[in-house]
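Below is one structure, written out as structure tokens; comments come after it.
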Amino acid sequence: MDSLLDFEECIKDSPEFRLNLDQFEADVSVLETQLDKVMKLCGKMVEAGQTYNAANQLFLSGLAELSAYHKKDGVITTCLNQFHQGLQEMLSFHTMLFDQTQRAIGQQLTNLCTQFVPQLVETRREFVRIGEDLETAAVKSAQVSRHKAADAERASHLLLATRKCYQHFALDYCLQLNTFKTQQRIDVLNSVFSFVHAQFTFFHQGFDLLRDLEPTMKTMAAQLSQLSTDCAAKRKELENKHLLVQQRDASGEPMVSPCPGSDDIIQGYLFKRSRRKSKTWKRCWFTIRDNQLIYRKSHKEESVVLFEDLRLCAIKSLEHIDRRFCFELLSVQKCCALQADSEQLKQAWLSALQGSIDLAYRERADVQLTQPKELPPLLVGADASPGPPARRPAALGVALRGPGNHRCCDCGEEEPRWASVNLGVTMCIECSGIHRSLGVHLSKVRSLTLDSWEAEQLKLLCVLGNDVMNQIYEARCSEEGRVKPKADSPRAEKETWIKEKYVEKKFVQSSSSDEAQRRKDEAGRRLYRASSAGDLVAMAAALAEGAEVNGSIGDEGGRTALIGAAVGGSLLACEFLLQNGANVNHRDLRGQGALHAAATAGHTGQVCLLLKRGANQYAVDETGQDPLAIAVETAHADIVTLLRMARMNEEMRDSEGVFGAVGDDETFQDIFRDFSDMASHEPDKLTRRQFSRGGDEEDEDEEEQEGQEEEEEEEEE
């Protein structure tokens with residue numbers, strides 16, 4: 001640590017003290033200059049950053065316009081929209097970084113300069129003035145004659161008073177210099193530390209955001225690869241078609257052909273004679289469609305129907321006029337002369353017109369013979385096969401249906417776009433950044449617009465939601481005298497609130513009379529009972545009151561809450577516990593884990609979920625049985641299928657080694673996906689379907705089968 005001014009030397013006012021004082025004043029001047037330089041450079045950096053953010057915002061607006069231009073291309077639109085959202089959130093993080101930098105560097109160092117420097121300048125001015133007065137008093141006292149006793153006494157008193165005043169100001173000045181020298185080290189270090197911490201938070205949030213975008217980027221990379229392949233194939237096809245057309249039409253002969261992808265029978269250019277001026281012919285584009293002859297004078301004009309129904313027309317070739325390759329269409333109301341560019345084109349048009357008339361007559365006859373009578377409105381579609389499954393709504397739309405989920409759970413900002421999977425709440429982007437800093441063991445934050453969500457995770461947001469969780473985590477808020485922050489509250493206030501709410505659990509309702517360990521044990525037992533019953537709200541309350549998610553319950557044979565949820569059969573309870581850190585491979589005193597319990601109870605959805613979360617299907621209990629052996633013994637067909645497929649997939653992956661294909665077998669993934677969807681949306685189809693003990697007899701009566709299934713379900717219950 002730097003040496004400070006000695007107060008004893010200050011009283012003596014020795015030359016050594018004066019030298020030290022000059023050095024101190026020089027150091028303060030240099031430090032003040034450096035602080036002023038740092039603050040100005042910080043201001044320029046923040047200003048440049050704001051300019052960068054403004055330019056970045058314009059760039060993102062350009063991306064949005066580019067996405068709107070490709071609105072008909074679903075792949076490009078989806079890609080650009082998702083990246084635009086991610087970059088927009090990164091821009092928000094950058095804006096917060098510059099705000100925190102301005103507070104960390106500018107405000108703290110400015111406070112240091114404004115608090116100490118002006119006072120130092122004023123004290124030094126008084127110190128110098130009193131020093132000059134002391135010098136003057138000393139000179140006068142020295143000049144008084146010894147024979148003038150009264151003048152000598154007066155001069156001595158004045159010198160003594162001036163010296164005391166000088167010592168007082170000198171001590172104050174030294175104290176302020178020492179205090180400034182000590183305080184500036186703390187303020188400078190604290191300022192730089194705050195700046196580095198802001199940088200750390202910014203890059204941490206950016207890393208989390210880009211990591212959340214990784215699955216989307218992989219999907220887009222696959223789409224881009226497919227688009228590149230399709231583009232190369234399409235380009236090759238176009239080149240071949242171009243070459244073919246070029247070779248076919250090398251003679252320059254005009255062509256008439258159907259329009260690909262349309263109902264046009266034939267189309268091409270013909271000359272049309274004006275009905276008012278017989279010598280005036282105009283080249284127009286003609287089309288035969290829906291038994292009508294349609295023409296367009298130019299590409300800027302709309303199409304005009306020349307003949308409404310070709311079946312009422314007669315067609316003949318015109319040989320008595322001077323112009324070549326002409327033919328005529330006649331109807332009751334009007335006639336029209338047309339001219340082709342060659343005899344070949346003329347014959348093509350005559351054939352097409354006559355063919356269209358013949359086809360129209362045949363189609364009309366077929367419709368009259370085969371068209372059934374119209375069904376009554378109540379019967380239409382009664383026995384129709386169901387169409388394709390309705391598209392599931394987006395994760396954002398589903399999540400916002402939960403109670404209170406349309407506002408941020410912590411500050412109340414509208415239209416939140418982020419959510420915590422394990423807490424079951426939605427939040428705004430600023431609160432999501434604070435949640436991320438808590439760690440994934442407290443809050444697992446994911447985007448509702450950028451990330452993929454499983455059905456069970458979305459159901460947790462709908463069943464729990466902001467209202468339910470806030471009733472648990474904010475139960476004692478009024479008792480503590482705390483006011484919940486709002487959307488426009490400072491970030492520091494939100495950080496304090498969220499840490500008190502979720503880390504310290506300061507507002508959770510709990511009994512204060514019991515001991516901490518007893519409350520914890522009681523909360524663990526309540527968590528187990530709620531997990532067995534599938535009561536998510538009670539489970540969330542027990543966890544908030546300190547229940548250990550992996551705590552063993554002695555009264556239940558050492559089972560954990562996850563094993564209880566597997567026995568109880570609640571898929572959401574299992575998912576909620578797993579998201580909150582439940583050990584999927586924990587086993588009770590009998591050596592059975594959650595997968596053993598789900599296989600024994602015949603809960604197919606739970607088995608599928610536990611396998612996806614990494615449950616060990618080879619673990620054996622005290623009797624030496626693994627989950628597959630239990631499923632075979634209890635004759636649960638779907639569970640046996642799942643476990644065998646999972647085991648086969650692992651064996652195939654292990655046998656392939658480093659030379660094998662990357663990832664799991666596609667058939668295995670398809671089967672797992674089907675079981676997961678069925679467990680989430682149609683659980684009734686997975687209610688303990690068992691093997692047929694007597695074989696598959698095709699002629700067995702359906703009523704007898706239904707009766708046997710009902711008896712088996714009653715026995716199991």
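Going by the structure tokens order, chains are called A, B, ..., each with residues numbered from 1, while ligands are numbered from 1 in the order shown.
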For this session: Write out as a PyMOL selection string the residues lying within 12 Å of Asp99 (chain A), counting only C-alpha atoms and excluding same-chain residues fewer than 6 positions away.
Result: chain A and resi 42-43+45-47+49-50+92-93+105-107+194-195+198-199+202+490-491
For this session: Do a neighbour search on Leu134 (chain A) at 7 Å with only C-alpha atoms, toss out local chain neighbours closer than 6 positions, and write the hits as a list in words.
Result: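 Result of the neighbour search: Leu159, Thr162 and Arg163 of chain A.
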Selection file, C-alpha atoms, as a JSON list (two decimals), in the first residue's frame:
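Printed below is out.json as written:
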[["chain", "number", "residue", "atom", "x", "y", "z"],
["A", 159, "LEU", "CA", 2.20, 34.48, 15.63],
["A", 162, "THR", "CA", -1.71, 32.11, 13.24],
["A", 163, "ARG", "CA", 0.45, 29.02, 13.83]]
For this session: Provide the CA of Gln85 (chain A) to CA of Lys44 (chain A) distance in Å, to one decimal place.
Result: 28.6 Å
For this session: Find the spatial neighbours of region 520-530 of chain A, counting only C-alpha atoms, within a cut-off of 7 Å - ignore same-chain residues fewer than 6 positions away - and output them as a VMD selection string.
Result: chain A and resid 538 to 539 542 545 to 548 551 553 560 to 561 564
Output N, CA, C and O atoms of each residue in that selection to a file, as a PDB file, in the first residue's frame.
ATOM      1  N   ALA A 538     -49.009 -29.077  -5.109  1.00  0.00           N
ATOM      2  CA  ALA A 538     -48.457 -29.479  -3.817  1.00  0.00           C
ATOM      3  C   ALA A 538     -46.977 -29.838  -3.945  1.00  0.00           C
ATOM      4  O   ALA A 538     -46.183 -29.578  -3.038  1.00  0.00           O
ATOM      5  N   MET A 539     -46.586 -30.440  -5.067  1.00  0.00           N
ATOM      6  CA  MET A 539     -45.175 -30.760  -5.288  1.00  0.00           C
ATOM      7  C   MET A 539     -44.331 -29.488  -5.356  1.00  0.00           C
ATOM      8  O   MET A 539     -43.258 -29.397  -4.746  1.00  0.00           O
ATOM      9  N   ALA A 542     -43.952 -28.044  -1.882  1.00  0.00           N
ATOM     10  CA  ALA A 542     -43.010 -28.798  -1.055  1.00  0.00           C
ATOM     11  C   ALA A 542     -41.568 -28.490  -1.438  1.00  0.00           C
ATOM     12  O   ALA A 542     -40.701 -28.323  -0.576  1.00  0.00           O
ATOM     13  N   GLU A 545     -40.516 -25.188  -0.091  1.00  0.00           N
ATOM     14  CA  GLU A 545     -40.303 -25.168   1.358  1.00  0.00           C
ATOM     15  C   GLU A 545     -39.065 -25.951   1.773  1.00  0.00           C
ATOM     16  O   GLU A 545     -38.842 -26.150   2.966  1.00  0.00           O
ATOM     17  N   GLY A 546     -38.286 -26.408   0.803  1.00  0.00           N
ATOM     18  CA  GLY A 546     -36.997 -27.009   1.134  1.00  0.00           C
ATOM     19  C   GLY A 546     -36.924 -28.508   1.007  1.00  0.00           C
ATOM     20  O   GLY A 546     -35.943 -29.115   1.446  1.00  0.00           O
ATOM     21  N   ALA A 547     -37.920 -29.162   0.413  1.00  0.00           N
ATOM     22  CA  ALA A 547     -37.871 -30.615   0.255  1.00  0.00           C
ATOM     23  C   ALA A 547     -36.747 -30.993  -0.704  1.00  0.00           C
ATOM     24  O   ALA A 547     -36.548 -30.353  -1.738  1.00  0.00           O
ATOM     25  N   GLU A 548     -36.012 -32.061  -0.344  1.00  0.00           N
ATOM     26  CA  GLU A 548     -34.957 -32.571  -1.215  1.00  0.00           C
ATOM     27  C   GLU A 548     -35.595 -33.423  -2.305  1.00  0.00           C
ATOM     28  O   GLU A 548     -36.321 -34.373  -2.016  1.00  0.00           O
ATOM     29  N   GLY A 551     -34.481 -36.903  -1.914  1.00  0.00           N
ATOM     30  CA  GLY A 551     -34.518 -37.423  -0.556  1.00  0.00           C
ATOM     31  C   GLY A 551     -35.250 -38.757  -0.476  1.00  0.00           C
ATOM     32  O   GLY A 551     -36.304 -38.955  -1.098  1.00  0.00           O
ATOM     33  N   ILE A 553     -37.418 -41.600   1.449  1.00  0.00           N
ATOM     34  CA  ILE A 553     -38.445 -41.662   2.487  1.00  0.00           C
ATOM     35  C   ILE A 553     -38.332 -43.018   3.175  1.00  0.00           C
ATOM     36  O   ILE A 553     -38.600 -44.061   2.554  1.00  0.00           O
ATOM     37  N   THR A 560     -37.738 -42.507  -3.468  1.00  0.00           N
ATOM     38  CA  THR A 560     -37.722 -41.066  -3.695  1.00  0.00           C
ATOM     39  C   THR A 560     -39.049 -40.631  -4.298  1.00  0.00           C
ATOM     40  O   THR A 560     -39.898 -41.448  -4.648  1.00  0.00           O
ATOM     41  N   ALA A 561     -39.207 -39.317  -4.430  1.00  0.00           N
ATOM     42  CA  ALA A 561     -40.443 -38.787  -5.007  1.00  0.00           C
ATOM     43  C   ALA A 561     -40.620 -39.252  -6.450  1.00  0.00           C
ATOM     44  O   ALA A 561     -41.745 -39.508  -6.895  1.00  0.00           O
ATOM     45  N   GLY A 564     -42.074 -42.607  -6.441  1.00  0.00           N
ATOM     46  CA  GLY A 564     -43.485 -42.488  -6.094  1.00  0.00           C
ATOM     47  C   GLY A 564     -44.326 -42.007  -7.265  1.00  0.00           C
ATOM     48  O   GLY A 564     -45.446 -42.488  -7.483  1.00  0.00           O
TER      49      GLY A 564
END
Sorted by chain and rising residue number, which residues of region 80-135 of chain A lie within 9 Å of region 447-470 of chain A, and what are their closest atom pairs and distances in Å to one decimal, counting only C-alpha atoms, as JSON lines?
{"residue": "A:Gln82", "atom": "CA", "partner": "A:Leu450", "partner_atom": "CA", "distance": 6.2}
{"residue": "A:Phe83", "atom": "CA", "partner": "A:Leu450", "partner_atom": "CA", "distance": 8.5}
{"residue": "A:Gln85", "atom": "CA", "partner": "A:Leu450", "partner_atom": "CA", "distance": 7.8}
{"residue": "A:Gly86", "atom": "CA", "partner": "A:Leu450", "partner_atom": "CA", "distance": 7.5}
